[in-house]
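**Q** Take a look at my_file-v1.cif, mmCIF, C-alpha atoms:
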data_work
loop_
_atom_site.label_atom_id
_atom_site.label_comp_id
_atom_site.auth_asym_id
_atom_site.auth_seq_id
_atom_site.Cartn_x
_atom_site.Cartn_y
_atom_site.Cartn_z
CA MET A 7 16.43 0.47 -9.95
CA VAL A 8 13.40 -1.77 -9.70
CA ARG A 9 11.87 -3.27 -12.78
CA THR A 10 10.04 -6.55 -13.18
CA SER A 11 13.38 -8.11 -14.17
CA ASP A 12 14.69 -7.24 -10.69
CA MET A 13 11.73 -8.72 -8.82
CA HIS A 14 11.32 -12.17 -7.32
CA PRO A 15 10.50 -14.44 -10.29
CA ASP A 16 7.16 -15.54 -8.80
CA MET A 17 6.07 -11.97 -8.30
CA ALA A 18 7.20 -10.87 -11.77
CA LYS A 19 5.47 -13.84 -13.38
CA ASN A 20 2.26 -13.06 -11.54
CA LEU A 21 2.35 -9.38 -12.47
CA LEU A 22 3.15 -10.02 -16.11
CA SER A 23 0.39 -12.59 -16.42
CA LEU A 24 -2.33 -10.08 -15.51
CA PRO A 25 -4.65 -9.22 -18.40
CA LEU A 26 -4.10 -5.85 -20.06
CA PRO A 27 -7.42 -5.07 -21.72
CA GLN A 28 -7.38 -2.57 -24.54
CA ILE A 29 -9.57 0.39 -23.67
CA GLU A 30 -10.61 2.80 -26.38
CA PRO A 31 -8.90 6.12 -25.62
CA GLN A 32 -11.03 9.23 -25.32
CA ALA A 33 -10.60 12.38 -27.34
CA TRP A 34 -7.32 13.97 -26.25
CA ILE A 35 -7.77 16.53 -23.49
CA PRO A 36 -5.64 19.49 -24.57
CA ALA A 37 -2.66 20.54 -22.48
CA ARG A 38 -3.01 23.58 -20.28
CA PRO A 39 -0.70 25.27 -17.78
CA LEU A 40 -0.24 23.39 -14.53
CA SER A 41 -0.97 26.63 -12.68
CA GLU A 42 -4.59 26.42 -13.89
CA HIS A 43 -5.25 22.91 -12.60
CA GLN A 44 -7.36 21.82 -9.64
CA VAL A 45 -5.84 18.46 -8.74
CA ALA A 46 -7.23 15.36 -7.01
CA ILE A 47 -5.43 12.17 -6.02
CA VAL A 48 -6.87 8.82 -7.06
CA THR A 49 -5.05 5.88 -5.54
CA THR A 50 -5.35 2.13 -5.91
CA ALA A 51 -3.59 1.58 -2.59
CA GLY A 52 -6.71 0.31 -0.82
CA MET A 53 -6.64 3.26 1.58
CA HIS A 54 -9.59 4.56 3.58
CA PRO A 55 -10.39 6.57 6.69
CA SER A 56 -10.39 4.30 9.74
CA GLY A 57 -14.15 4.69 10.19
CA ASP A 58 -14.95 3.60 6.63
CA ARG A 59 -15.29 0.02 5.49
CA PRO A 60 -12.09 -1.89 4.80
CA PHE A 61 -11.83 -3.32 1.29
CA ASN A 62 -12.84 -6.92 0.71
CA PRO A 63 -11.37 -9.36 -1.81
CA GLY A 64 -12.48 -8.50 -5.34
CA SER A 65 -13.94 -5.15 -4.36
CA VAL A 66 -14.39 -2.63 -7.17
CA GLU A 67 -15.88 -0.01 -4.86
CA TYR A 68 -14.12 3.19 -3.94
CA ARG A 69 -13.62 5.02 -0.70
CA LEU A 70 -13.80 8.77 -0.23
CA ILE A 71 -10.82 10.54 1.33
CA PRO A 72 -11.72 14.12 2.34
CA GLY A 73 -9.13 16.75 1.41
CA ASP A 74 -8.79 17.75 5.05
CA VAL A 75 -8.25 14.16 6.20
CA ASP A 76 -6.05 13.67 9.23
CA PHE A 77 -3.19 11.38 8.19
CA ALA A 78 -3.54 9.66 11.57
CA ASP A 79 -6.94 8.46 10.42
CA LEU A 80 -5.81 6.71 7.23
CA ARG A 81 -5.57 2.92 6.95
CA MET A 82 -4.65 0.54 4.14
CA SER A 83 -6.58 -2.70 3.64
CA HIS A 84 -5.06 -3.73 0.31
CA LEU A 85 -5.00 -7.50 -0.01
CA SER A 86 -1.80 -8.11 -1.93
CA VAL A 87 1.17 -9.04 0.24
CA ASN A 88 3.70 -8.45 -2.52
CA PHE A 89 4.23 -4.75 -2.15
CA ASP A 90 5.96 -2.80 0.54
CA ARG A 91 3.77 -1.23 3.19
CA SER A 92 6.58 0.07 5.35
CA GLY A 93 6.97 3.24 3.27
CA PHE A 94 3.31 4.05 3.87
CA GLN A 95 3.65 3.14 7.53
CA GLN A 96 6.54 5.57 7.96
CA ASP A 97 5.23 8.39 5.77
CA ILE A 98 1.84 8.36 4.06
CA ASN A 99 3.14 10.71 1.36
CA THR A 100 5.16 7.76 0.04
CA VAL A 101 1.84 6.55 -1.39
CA PHE A 102 -0.60 9.41 -1.04
CA PRO A 103 1.32 12.68 -1.55
CA LEU A 104 -1.31 15.06 -0.23
CA GLU A 105 1.19 17.13 1.76
CA ARG A 106 3.36 17.52 -1.34
CA LEU A 107 0.30 18.58 -3.33
CA ARG A 108 -0.51 21.16 -0.65
CA GLU A 109 2.99 22.58 -1.04
CA LEU A 110 2.53 22.87 -4.81
CA ALA A 111 -0.79 24.67 -4.26
CA ALA A 112 0.74 26.97 -1.65
CA ASP A 113 3.48 28.17 -4.00
CA GLY A 114 1.12 28.55 -6.95
CA THR A 115 2.52 25.69 -9.03
CA ILE A 116 -1.05 24.33 -9.23
CA ALA A 117 -4.25 26.32 -8.85
CA GLY A 118 -5.66 24.24 -6.03
CA ILE A 119 -6.54 20.87 -4.57
CA SER A 120 -9.76 18.92 -4.82
CA ARG A 121 -12.02 18.80 -1.80
CA TYR A 122 -12.16 15.04 -2.21
CA HIS A 123 -9.76 12.26 -3.17
CA TYR A 124 -10.63 8.67 -4.00
CA SER A 125 -9.20 5.26 -3.25
CA PHE A 126 -9.68 1.88 -4.91
CA MET A 127 -8.35 -1.60 -4.30
CA GLY A 128 -5.47 -2.34 -6.66
CA ALA A 129 -4.21 -5.64 -8.04
CA GLN A 130 -7.49 -6.14 -9.89
CA PRO A 131 -7.56 -9.41 -11.81
CA ASP A 132 -9.89 -7.80 -14.36
CA PRO A 133 -9.39 -4.01 -14.58
CA THR A 134 -12.46 -3.58 -16.81
CA ARG A 135 -14.59 -4.24 -13.72
CA LEU A 136 -13.56 -0.73 -12.60
CA GLU A 137 -15.39 0.84 -15.54
CA LYS A 138 -18.56 1.84 -13.73
CA THR A 139 -16.95 3.23 -10.59
CA GLY A 140 -14.10 4.80 -12.58
CA GLU A 141 -16.55 6.73 -14.74
CA GLU A 142 -18.47 7.71 -11.62
CA ILE A 143 -15.31 9.22 -10.14
CA GLY A 144 -14.73 11.11 -13.39
CA ARG A 145 -18.20 12.64 -13.16
CA LEU A 146 -17.83 13.48 -9.47
CA LEU A 147 -14.44 15.13 -9.98
CA ALA A 148 -15.66 17.14 -12.97
CA GLU A 149 -18.79 18.32 -11.17
CA ASP A 150 -16.59 19.46 -8.29
CA GLY A 151 -14.47 21.64 -10.59
CA VAL A 152 -11.45 19.34 -10.60
CA THR A 153 -9.46 19.47 -13.84
CA ALA A 154 -6.74 16.88 -13.22
CA ALA A 155 -6.36 13.61 -11.38
CA PHE A 156 -3.01 12.26 -10.24
CA LEU A 157 -3.20 8.48 -10.16
CA THR A 158 -0.94 6.57 -7.84
CA PRO A 159 -0.67 2.79 -7.55
CA VAL A 160 1.16 0.64 -5.05
CA MET B 18 -4.57 1.92 -12.34
CA CYS B 19 -4.10 2.39 -16.07
CA ALA B 20 -7.71 1.38 -16.73
CA LEU B 21 -8.93 3.94 -14.22
CA SER B 22 -7.22 6.74 -16.18
CA HIS B 23 -9.30 5.91 -19.22
CA TYR B 24 -12.51 5.53 -17.26
CA ILE B 25 -12.07 8.77 -15.29
CA GLU B 26 -11.44 10.79 -18.45
CA ARG B 27 -14.43 9.17 -20.15
CA GLY B 28 -16.74 9.71 -17.16
CA SER B 29 -15.67 13.35 -16.93
CA GLU B 30 -16.52 13.89 -20.61
CA GLY B 31 -13.16 15.47 -21.25
CA ARG B 32 -13.17 17.76 -18.23
CA VAL B 33 -10.65 15.87 -16.06
CA ALA B 34 -7.24 15.05 -17.50
CA THR B 35 -5.33 12.24 -15.83
CA THR B 36 -1.67 11.74 -15.15
CA GLY B 37 0.07 9.42 -12.74
CA VAL B 38 2.96 7.19 -11.93
CA SER B 39 3.41 3.60 -13.00
CA LEU B 40 5.44 1.03 -11.08
CA ILE B 41 5.18 -1.66 -13.75
CA ARG B 42 6.28 -0.36 -17.12
CA GLU B 43 4.86 -3.34 -19.02
CA HIS B 44 1.38 -2.54 -17.69
CA ALA B 45 1.61 1.10 -18.75
CA GLU B 46 2.92 0.07 -22.18
CA GLY B 47 0.08 -2.41 -22.60
CA MET B 48 -2.81 -0.29 -21.39
CA ALA B 49 -1.58 3.10 -22.55
CA PRO B 50 -3.03 5.54 -20.02
CA PRO B 51 -3.06 9.08 -21.48
CA ARG B 52 -0.13 10.36 -19.41
CA SER B 53 2.10 8.26 -17.19
CA LEU B 54 5.50 8.48 -15.55
CA PHE B 55 7.28 5.16 -15.06
CA VAL B 56 9.18 5.19 -11.77
CA PRO B 57 11.82 2.52 -11.00
CA PHE B 58 10.83 2.17 -7.35
CA PRO B 59 9.78 -0.84 -5.26
CA LEU B 60 6.11 -1.78 -5.38
CA GLY B 61 4.37 0.08 -2.59
CA ARG B 62 6.54 3.19 -2.88
CA PRO B 63 5.20 5.15 -5.86
CA LEU B 64 6.68 8.42 -4.62
CA GLY B 65 10.07 6.80 -4.01
CA ALA B 66 10.84 6.79 -0.29
CA PRO B 67 9.40 7.86 3.05
CA ASP B 68 10.45 11.09 4.73
CA GLN B 69 12.06 12.45 1.55
CA PRO B 70 9.81 15.44 0.77
CA ASP B 71 12.05 17.01 -1.89
CA PHE B 72 12.32 13.75 -3.79
CA GLN B 73 8.59 13.03 -3.45
CA ARG B 74 7.75 16.53 -4.69
CA ASP B 75 9.99 16.10 -7.74
CA VAL B 76 8.31 12.79 -8.65
CA LEU B 77 4.86 14.35 -8.27
CA LEU B 78 5.79 17.46 -10.23
CA THR B 79 7.41 15.48 -13.03
CA SER B 80 4.19 13.54 -13.47
CA LEU B 81 1.96 16.62 -13.19
CA GLN B 82 4.02 18.45 -15.81
CA LEU B 83 2.77 15.96 -18.39
CA LEU B 84 -0.56 17.82 -18.09
CA GLU B 85 1.00 20.87 -19.74
CA THR B 86 3.41 19.17 -22.14
CA ALA B 87 1.84 15.96 -23.49
CA ALA B 88 0.03 16.32 -26.81
CA GLU B 89 -0.64 12.62 -27.25
CA THR B 90 -0.50 9.41 -25.19
CA THR B 91 2.76 9.70 -23.29
CA LEU B 92 4.78 7.30 -21.16
CA THR B 93 8.03 8.76 -19.85
CA ASP B 94 10.71 7.41 -17.52
CA TYR B 95 11.66 9.07 -14.26
CA PRO B 96 15.46 9.39 -14.43
CA HIS B 97 16.35 8.79 -10.78
CA ASP B 98 16.35 5.75 -8.52
CA ALA B 99 14.72 6.02 -5.10
CA PRO B 100 17.03 7.37 -2.39
CA THR B 101 18.47 4.81 -0.01
CA SER B 102 20.40 5.01 3.23
CA GLY B 103 23.60 4.07 1.42
CA ASP B 104 25.71 0.96 1.50
CA ASP B 105 25.42 0.26 5.21
CA PRO B 106 23.07 -2.68 5.70
CA TRP B 107 20.10 -1.91 7.93
CA ALA B 108 19.73 -3.96 11.08
CA CYS B 109 17.02 -3.83 13.71
CA ALA B 110 18.59 -2.40 16.85
CA VAL B 111 16.50 -4.60 19.15
CA ALA B 112 17.93 -8.12 19.33
CA LEU B 113 14.82 -10.23 19.72
CA ALA B 114 16.47 -13.67 19.90
CA PRO B 115 13.25 -15.49 19.02
CA PRO B 116 12.74 -18.81 20.80
CA GLU B 117 11.70 -22.06 19.16
CA PRO B 118 7.93 -21.72 18.90
CA ALA B 119 6.05 -23.65 21.54
CA ASP B 120 3.61 -26.37 20.49
CA ALA B 121 1.05 -25.52 23.16
CA THR B 122 -1.37 -22.69 22.42
CA GLU B 123 -0.98 -20.84 25.70
CA ALA B 124 2.80 -21.06 25.60
CA LEU B 125 2.97 -19.78 22.03
CA ARG B 126 0.65 -16.92 22.93
CA ASP B 127 2.95 -16.00 25.81
CA GLN B 128 6.03 -16.14 23.57
CA LEU B 129 4.47 -13.88 20.94
CA ILE B 130 3.22 -11.44 23.54
CA ALA B 131 6.69 -11.33 25.09
CA GLU B 132 8.15 -10.41 21.69
CA ILE B 133 5.51 -7.71 21.19
CA ARG B 134 6.34 -6.26 24.61
CA GLN B 135 10.00 -6.01 23.62
CA LEU B 136 8.98 -3.88 20.65
CA ALA B 137 6.25 -1.92 22.43
CA PRO B 138 8.50 0.90 23.73
CA TRP B 139 9.75 1.53 20.20
CA HIS B 140 6.22 1.43 18.87
CA ALA B 141 5.26 4.03 21.45
CA GLU B 142 8.15 6.16 20.15
CA SER B 143 6.85 5.68 16.61
CA VAL B 144 3.40 6.93 17.62
CA LYS B 145 4.92 9.88 19.47
CA ARG B 146 7.13 10.89 16.56
CA ARG B 147 4.69 10.24 13.71
CA GLY B 148 1.54 11.13 15.58
CA ARG B 149 -0.22 8.06 14.28
CA SER B 150 -0.14 4.33 13.64
CA THR B 151 -1.47 2.45 10.63
CA VAL B 152 -2.45 -0.52 12.83
CA GLY B 153 -6.20 -1.07 12.75
CA VAL B 154 -7.31 -2.65 9.47
CA SER B 155 -8.37 -5.77 11.37
CA GLY B 156 -10.57 -3.73 13.68
CA ALA B 157 -8.11 -3.97 16.58
CA THR B 158 -7.09 -0.85 18.43
CA LEU B 159 -3.48 -0.30 19.41
CA ASP B 160 -4.10 -1.55 22.93
CA GLN B 161 -5.45 -4.81 21.49
CA VAL B 162 -2.29 -5.80 19.61
CA GLU B 163 -1.66 -8.65 22.05
CA ASP B 164 -5.12 -10.03 21.25
CA LEU B 165 -4.06 -10.21 17.59
CA ALA B 166 -1.10 -12.33 18.66
CA ALA B 167 -3.49 -14.60 20.55
CA LEU B 168 -5.57 -15.15 17.41
CA LEU B 169 -2.50 -16.08 15.39
CA ALA B 170 -1.16 -18.38 18.12
CA ASP B 171 -4.54 -20.12 18.33
CA PHE B 172 -4.68 -20.79 14.60
CA ALA B 173 -1.01 -21.76 14.39
CA THR B 174 -1.45 -24.43 17.06
CA GLY B 175 -4.78 -25.73 15.82
CA ALA B 176 -6.84 -24.30 18.67
CA GLU B 177 -10.27 -22.84 18.05
CA PRO B 178 -9.79 -19.05 17.82
CA VAL B 179 -11.85 -17.06 20.29
CA ASP B 180 -13.51 -13.77 19.35
CA GLY B 181 -12.17 -11.83 22.34
CA GLU B 182 -12.77 -8.10 22.73
CA ILE B 183 -11.79 -6.92 19.26
CA ASP B 184 -14.52 -5.41 17.09
CA TRP B 185 -13.36 -7.35 14.03
CA ASN B 186 -13.79 -5.88 10.56
CA HIS B 187 -13.75 -9.31 8.91
CA ARG B 188 -15.00 -12.79 9.64
CA MET B 189 -12.76 -15.81 9.82
CA PRO B 190 -10.75 -16.79 7.88
CA VAL B 191 -10.12 -13.39 6.18
CA ARG B 192 -9.63 -12.03 9.72
CA LEU B 193 -6.32 -13.92 9.88
CA LYS B 194 -4.97 -11.98 6.90
CA PHE B 195 -5.73 -8.57 8.40
CA ALA B 196 -4.65 -9.58 11.91
CA SER B 197 -1.34 -10.60 10.36
CA ASP B 198 -1.09 -7.32 8.41
CA ASP B 199 -1.77 -5.31 11.56
CA LEU B 200 0.91 -7.14 13.52
CA ARG B 201 3.40 -6.70 10.69
CA ALA B 202 2.55 -2.97 10.67
CA PHE B 203 3.20 -2.84 14.43
CA TYR B 204 6.59 -4.54 13.99
CA HIS B 205 7.57 -2.31 11.03
CA GLU B 206 6.57 0.89 12.81
CA ALA B 207 8.51 -0.15 15.92
CA ALA B 208 11.59 -1.18 13.94
CA THR B 209 11.66 2.03 11.90
CA ALA B 210 11.33 4.22 14.98
CA GLN B 211 14.73 3.16 16.30
CA PRO B 212 17.72 5.50 16.00
CA GLY B 213 19.57 5.07 12.74
CA ALA B 214 16.79 3.01 11.26
CA LYS B 215 15.39 5.68 9.02
CA TYR B 216 15.62 4.07 5.60
CA PRO B 217 15.41 0.29 5.70
CA THR B 218 14.25 -1.06 2.36
CA ASP B 219 11.20 -3.24 2.04
CA ALA B 220 13.55 -6.21 1.60
CA ASP B 221 15.41 -5.29 4.81
CA LEU B 222 12.19 -5.29 6.80
CA ASN B 223 10.87 -8.51 5.28
CA ASP B 224 14.20 -10.22 5.90
CA TRP B 225 14.11 -9.08 9.52
CA LEU B 226 10.49 -9.99 10.18
CA PHE B 227 10.53 -13.36 8.45
CA ASN B 228 13.99 -14.49 9.54
CA GLN B 229 14.65 -12.83 12.87
CA THR B 230 11.33 -12.68 14.70
CA LEU B 231 9.02 -15.27 16.22
CA LEU B 232 6.12 -13.63 14.39
CA GLY B 233 7.72 -14.57 11.07
CA THR B 234 8.00 -18.20 12.14
CA VAL B 235 4.40 -18.24 13.38
CA LEU B 236 3.16 -16.73 10.10
CA ARG B 237 4.90 -19.58 8.26
CA GLN B 238 3.20 -22.09 10.55
CA ILE B 239 -0.14 -20.46 9.80
CA VAL B 240 0.48 -20.63 6.07
CA GLY B 241 1.39 -24.30 6.47
CA ARG B 242 -1.94 -24.98 8.17
CA MET B 243 -3.85 -22.91 5.63
CA SER B 244 -2.36 -24.76 2.70
CA GLN B 245 -3.50 -28.10 4.18
CA SER B 246 -7.03 -26.90 4.85
CA ASP B 247 -9.98 -28.53 3.10
CA ASP B 248 -11.76 -25.18 3.25
CA ARG B 249 -11.05 -23.38 -0.05
CA ARG B 250 -11.53 -19.98 1.60
CA VAL B 251 -8.71 -20.81 4.02
CA ALA B 252 -6.40 -22.29 1.40
CA GLY B 253 -7.02 -19.27 -0.84
CA LEU B 254 -5.58 -16.93 1.77
CA VAL B 255 -2.11 -18.47 1.51
CA ILE B 256 -1.03 -16.15 -1.29
CA GLY B 257 -1.86 -13.09 0.80
CA MET B 258 0.15 -13.90 3.89
CA ILE B 259 3.87 -13.92 3.08
CA PRO B 260 5.69 -11.93 0.37
CA ALA B 261 7.32 -13.81 -2.50
CA GLY B 262 10.79 -14.98 -1.52
CA PHE B 263 10.10 -15.29 2.22
CA ALA B 264 8.01 -18.45 2.35
CA ARG B 265 11.01 -20.40 3.64
CA PRO B 266 13.44 -19.28 6.33
CA ARG B 267 16.83 -18.08 5.17
CA SER B 268 19.27 -20.94 5.48
#
Represent the structure of the file as structure tokens.
**A**
Amino acid sequence: MVRTSDMHPDMAKNLLSLPLPQIEPQAWIPARPLSEHQVAIVTTAGMHPSGDRPFNPGSVEYRLIPGDVDFADLRMSHLSVNFDRSGFQQDINTVFPLERLRELAADGTIAGISRYHYSFMGAQPDPTRLEKTGEEIGRLLAEDGVTAAFLTPV
Amino acid sequence: MCALSHYIERGSEGRVATTGVSLIREHAEGMAPPRSLFVPFPLGRPLGAPDQPDFQRDVLLTSLQLLETAAETTLTDYPHDAPTSGDDPWACAVALAPPEPADATEALRDQLIAEIRQLAPWHAESVKRRGRSTVGVSGATLDQVEDLAALLADFATGAEPVDGEIDWNHRMPVRLKFASDDLRAFYHEAATAQPGAKYPTDADLNDWLFNQTLLGTVLRQIVGRMSQSDDRRVAGLVIGMIPAGFARPRS
């Protein structure tokens, strides 16, 4: 069990001091069967293909991760030192479960997988700075026929 | 993460529903993403544990199922803890016996490189077994890992770092952060490639690296120098170098 109460006090204090801006929710998107969903992964793990630019401090940009990405080509340039990277280093699915998603598509649990996935830098001191790029991802996913995004932090 | 859920749904004009996992329940409570599964796992392991496909799939599926069940903003709790290797404490099978760090730049370089060479066969095993390495965010290739050690030894001893052959992704001083991350990745990958070392926790690996390797001692020296720097860019890197709880050696 890991909750903030189990963490090192400095880390918990830092995490709980981050601002939590209130964002007006959108109209509720009605539920539909999982088997009808085209799913993309959006991660804030600071991941990117090795040939793409590493993230810099304060970056609110995103990086594109093609659906056919070779796991050997993925890197993580997240700045925070206070999360475990060894799970990612041993098995990228610990953070970016693309192989698990492929299994769910193969057995028909979901309809399919997006051609593209997206990665941001996490640990943002002001999450509202992600508004522009977040909305851009929403448009890109929708235009590509994606119906659901699975968001994974680190 | 929670903010992105709102922004993605808004940008998609209702065409893309979001779900996800949350590692910090207080953040999900405060920002109320449309659908979220709180998972009681260590930061950095949102799917629970490496090399546990059945467990990872269950976490993913439990979150995805909110897409077909949630009729309003929903935050649920995943009922299982992450799998561990049991009660046996993990220990790195390679006894590194780190020396007292040398004061002279060249000598410290040699010491660090000697430690890296002790781990290199296990890192080669890691690459063979996993087919990849995550080393490279600094710009260094795997065959330039010893050059990363040289950079850290230079800074730790107050010498002027030389550019060397690496096609760096960052300028100084940010370069130090990513050189350090790459070396830690090399050590972690080597340590977790050893027999019986399948499921060390993040705390196990940090305890090993920061208390039982020369690299850990050198990283502390670097942080000491950074914190005394008059350059705010250098001093600002201190918080990104060593995880909370490992700034001092275990007594």
**Q** Write out as a PyMOL selection string each polymer residue whose atoms come within 12 Å of Gln44 of chain A, counting all atoms listed in the file; drop sequence neighbours fewer than 5 positions from it.
**A** (chain A and resi 38-39+107-108+110-111+114-123+147-148+150-156) or (chain B and resi 32-35+81+84)
**Q** Let me know the residues the PyMOL selection byres ((chain A and resi 80-95) around 8) catches in the file above, as a PyMOL selection string.
**A** (chain A and resi 17+51-56+60-63+75-79+96-101+127-129+160) or (chain B and resi 59-62+66-67+150-154+195+202+205-206+219+222+256-261)
**Q** Looking at B:Asn186, B:Gln135, B:Gln238, B:Thr93, which one is nearest to chain A, with distances taken over only C-alpha atoms?
**A**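 Residue with the minimum atom-to-atom distance to chain A: B:Asn186.
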**Q** Would you write out, as a list in words, every residue that the PyMOL selection byres ((chain B and resi 107) around 8) captures in this file?
**A**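 Taken on the displayed file, the PyMOL selection byres ((chain B and resi 107) around 8) yields the residues Asp105, Pro106, Ala108, Cys109, Ala214, Tyr216, Pro217 and Asp221 of chain B.
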**Q** Would you put the residues from that selection into a file with C-alpha atoms, as a PDB file, keeping the file's coordinate frame?
**A**
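The file below, result.pdb, is the result:
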ATOM      1  CA  ASP B 105      25.420   0.260   5.210  1.00  0.00           C
ATOM      2  CA  PRO B 106      23.070  -2.680   5.700  1.00  0.00           C
ATOM      3  CA  ALA B 108      19.730  -3.960  11.080  1.00  0.00           C
ATOM      4  CA  CYS B 109      17.020  -3.830  13.710  1.00  0.00           C
ATOM      5  CA  ALA B 214      16.790   3.010  11.260  1.00  0.00           C
ATOM      6  CA  TYR B 216      15.620   4.070   5.600  1.00  0.00           C
ATOM      7  CA  PRO B 217      15.410   0.290   5.700  1.00  0.00           C
ATOM      8  CA  ASP B 221      15.410  -5.290   4.810  1.00  0.00           C
TER       9      ASP B 221
END
**Q** Rank A:Ser41, A:Gln28, A:Ser23, A:Ser125 by their smallest atom-to-atom distance to chain B, using only C-alpha atoms, and report the top residue only.
**A**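 Looking at the shortest contact to chain B, the residue is A:Gln28.
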**Q** Take the PyMOL selection byres ((chain A and resi 67) around 9), apply it to the structure above, and return the hits as a short mmCIF file (atom, residue, chain, number, x, y, z; two decimals) with C-alpha atoms, in the coordinates of the input.
**A**
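Done, and the output landed in part_31.cif:
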data_model
loop_
_atom_site.label_atom_id
_atom_site.label_comp_id
_atom_site.auth_asym_id
_atom_site.auth_seq_id
_atom_site.Cartn_x
_atom_site.Cartn_y
_atom_site.Cartn_z
CA PHE A 61 -11.83 -3.32 1.29
CA SER A 65 -13.94 -5.15 -4.36
CA VAL A 66 -14.39 -2.63 -7.17
CA TYR A 68 -14.12 3.19 -3.94
CA ARG A 69 -13.62 5.02 -0.70
CA SER A 125 -9.20 5.26 -3.25
CA PHE A 126 -9.68 1.88 -4.91
CA MET A 127 -8.35 -1.60 -4.30
CA LEU A 136 -13.56 -0.73 -12.60
CA THR A 139 -16.95 3.23 -10.59
#
**Q** Would you pick out the contacts of Ser244 of chain B at 12 Å or less, using all atoms listed in the file, so that residues sharing its chain but fewer than 3 positions from it are not included, and give the list as a list in words?
**A**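 The residues that qualify are Arg237, Gln238, Ile239, Val240, Gly241, Asp247, Asp248, Arg249, Arg250, Val251, Ala252, Gly253, Leu254, Val255, Ile256, Gly257 and Met258 of chain B.
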**Q** To one decimal place, how far is atom CA of Leu193 of chain B from atom CA of Asp224 of chain B in Å?
**A**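 These two atoms are separated by 21.2 Å.
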**Q** For a test of reading the model, state the distance in Å between atom CA of Leu22 of chain A and atom CA of Ile41 of chain B, rounded to one decimal.
**A**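 Interatomic distance here is 8.9 Å.
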**Q** I'd like the interatomic distance between atom CA of Ala173 of chain B and atom CA of His14 of chain A, to a tenth of an Å.
**A**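 We find that atom CA of Ala173 of chain B and atom CA of His14 of chain A lie 26.7 Å from each other.
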**Q** Please provide the set of residues having any atom within 8 Å of Leu21 of chain B, restricted to all atoms listed in the file, with same-chain residues fewer than 2 positions apart removed, written as a PyMOL selection string.
**A** (chain A and resi 133+136-137+140) or (chain B and resi 18-19+23-25)
**Q** Tell me which residues come within 12 Å of (8.7, 2.6, -12.8), as a ChimeraX atom specification, counting only C-alpha atoms in the file's coordinates.
**A** /A:7-12,158-160 /B:37-46,53-65,76,80,92-99
**Q** Please, could you write that set of residues out with C-alpha atoms as a PDB file, in the coordinates of the input?
**A**
ATOM      1  CA  MET A   7      16.430   0.470  -9.950  1.00  0.00           C
ATOM      2  CA  VAL A   8      13.400  -1.770  -9.700  1.00  0.00           C
ATOM      3  CA  ARG A   9      11.870  -3.270 -12.780  1.00  0.00           C
ATOM      4  CA  THR A  10      10.040  -6.550 -13.180  1.00  0.00           C
ATOM      5  CA  SER A  11      13.380  -8.110 -14.170  1.00  0.00           C
ATOM      6  CA  ASP A  12      14.690  -7.240 -10.690  1.00  0.00           C
ATOM      7  CA  THR A 158      -0.940   6.570  -7.840  1.00  0.00           C
ATOM      8  CA  PRO A 159      -0.670   2.790  -7.550  1.00  0.00           C
ATOM      9  CA  VAL A 160       1.160   0.640  -5.050  1.00  0.00           C
TER      10      VAL A 160
ATOM     11  CA  GLY B  37       0.070   9.420 -12.740  1.00  0.00           C
ATOM     12  CA  VAL B  38       2.960   7.190 -11.930  1.00  0.00           C
ATOM     13  CA  SER B  39       3.410   3.600 -13.000  1.00  0.00           C
ATOM     14  CA  LEU B  40       5.440   1.030 -11.080  1.00  0.00           C
ATOM     15  CA  ILE B  41       5.180  -1.660 -13.750  1.00  0.00           C
ATOM     16  CA  ARG B  42       6.280  -0.360 -17.120  1.00  0.00           C
ATOM     17  CA  GLU B  43       4.860  -3.340 -19.020  1.00  0.00           C
ATOM     18  CA  HIS B  44       1.380  -2.540 -17.690  1.00  0.00           C
ATOM     19  CA  ALA B  45       1.610   1.100 -18.750  1.00  0.00           C
ATOM     20  CA  GLU B  46       2.920   0.070 -22.180  1.00  0.00           C
ATOM     21  CA  SER B  53       2.100   8.260 -17.190  1.00  0.00           C
ATOM     22  CA  LEU B  54       5.500   8.480 -15.550  1.00  0.00           C
ATOM     23  CA  PHE B  55       7.280   5.160 -15.060  1.00  0.00           C
ATOM     24  CA  VAL B  56       9.180   5.190 -11.770  1.00  0.00           C
ATOM     25  CA  PRO B  57      11.820   2.520 -11.000  1.00  0.00           C
ATOM     26  CA  PHE B  58      10.830   2.170  -7.350  1.00  0.00           C
ATOM     27  CA  PRO B  59       9.780  -0.840  -5.260  1.00  0.00           C
ATOM     28  CA  LEU B  60       6.110  -1.780  -5.380  1.00  0.00           C
ATOM     29  CA  GLY B  61       4.370   0.080  -2.590  1.00  0.00           C
ATOM     30  CA  ARG B  62       6.540   3.190  -2.880  1.00  0.00           C
ATOM     31  CA  PRO B  63       5.200   5.150  -5.860  1.00  0.00           C
ATOM     32  CA  LEU B  64       6.680   8.420  -4.620  1.00  0.00           C
ATOM     33  CA  GLY B  65      10.070   6.800  -4.010  1.00  0.00           C
ATOM     34  CA  VAL B  76       8.310  12.790  -8.650  1.00  0.00           C
ATOM     35  CA  SER B  80       4.190  13.540 -13.470  1.00  0.00           C
ATOM     36  CA  LEU B  92       4.780   7.300 -21.160  1.00  0.00           C
ATOM     37  CA  THR B  93       8.030   8.760 -19.850  1.00  0.00           C
ATOM     38  CA  ASP B  94      10.710   7.410 -17.520  1.00  0.00           C
ATOM     39  CA  TYR B  95      11.660   9.070 -14.260  1.00  0.00           C
ATOM     40  CA  PRO B  96      15.460   9.390 -14.430  1.00  0.00           C
ATOM     41  CA  HIS B  97      16.350   8.790 -10.780  1.00  0.00           C
ATOM     42  CA  ASP B  98      16.350   5.750  -8.520  1.00  0.00           C
ATOM     43  CA  ALA B  99      14.720   6.020  -5.100  1.00  0.00           C
TER      44      ALA B  99
END
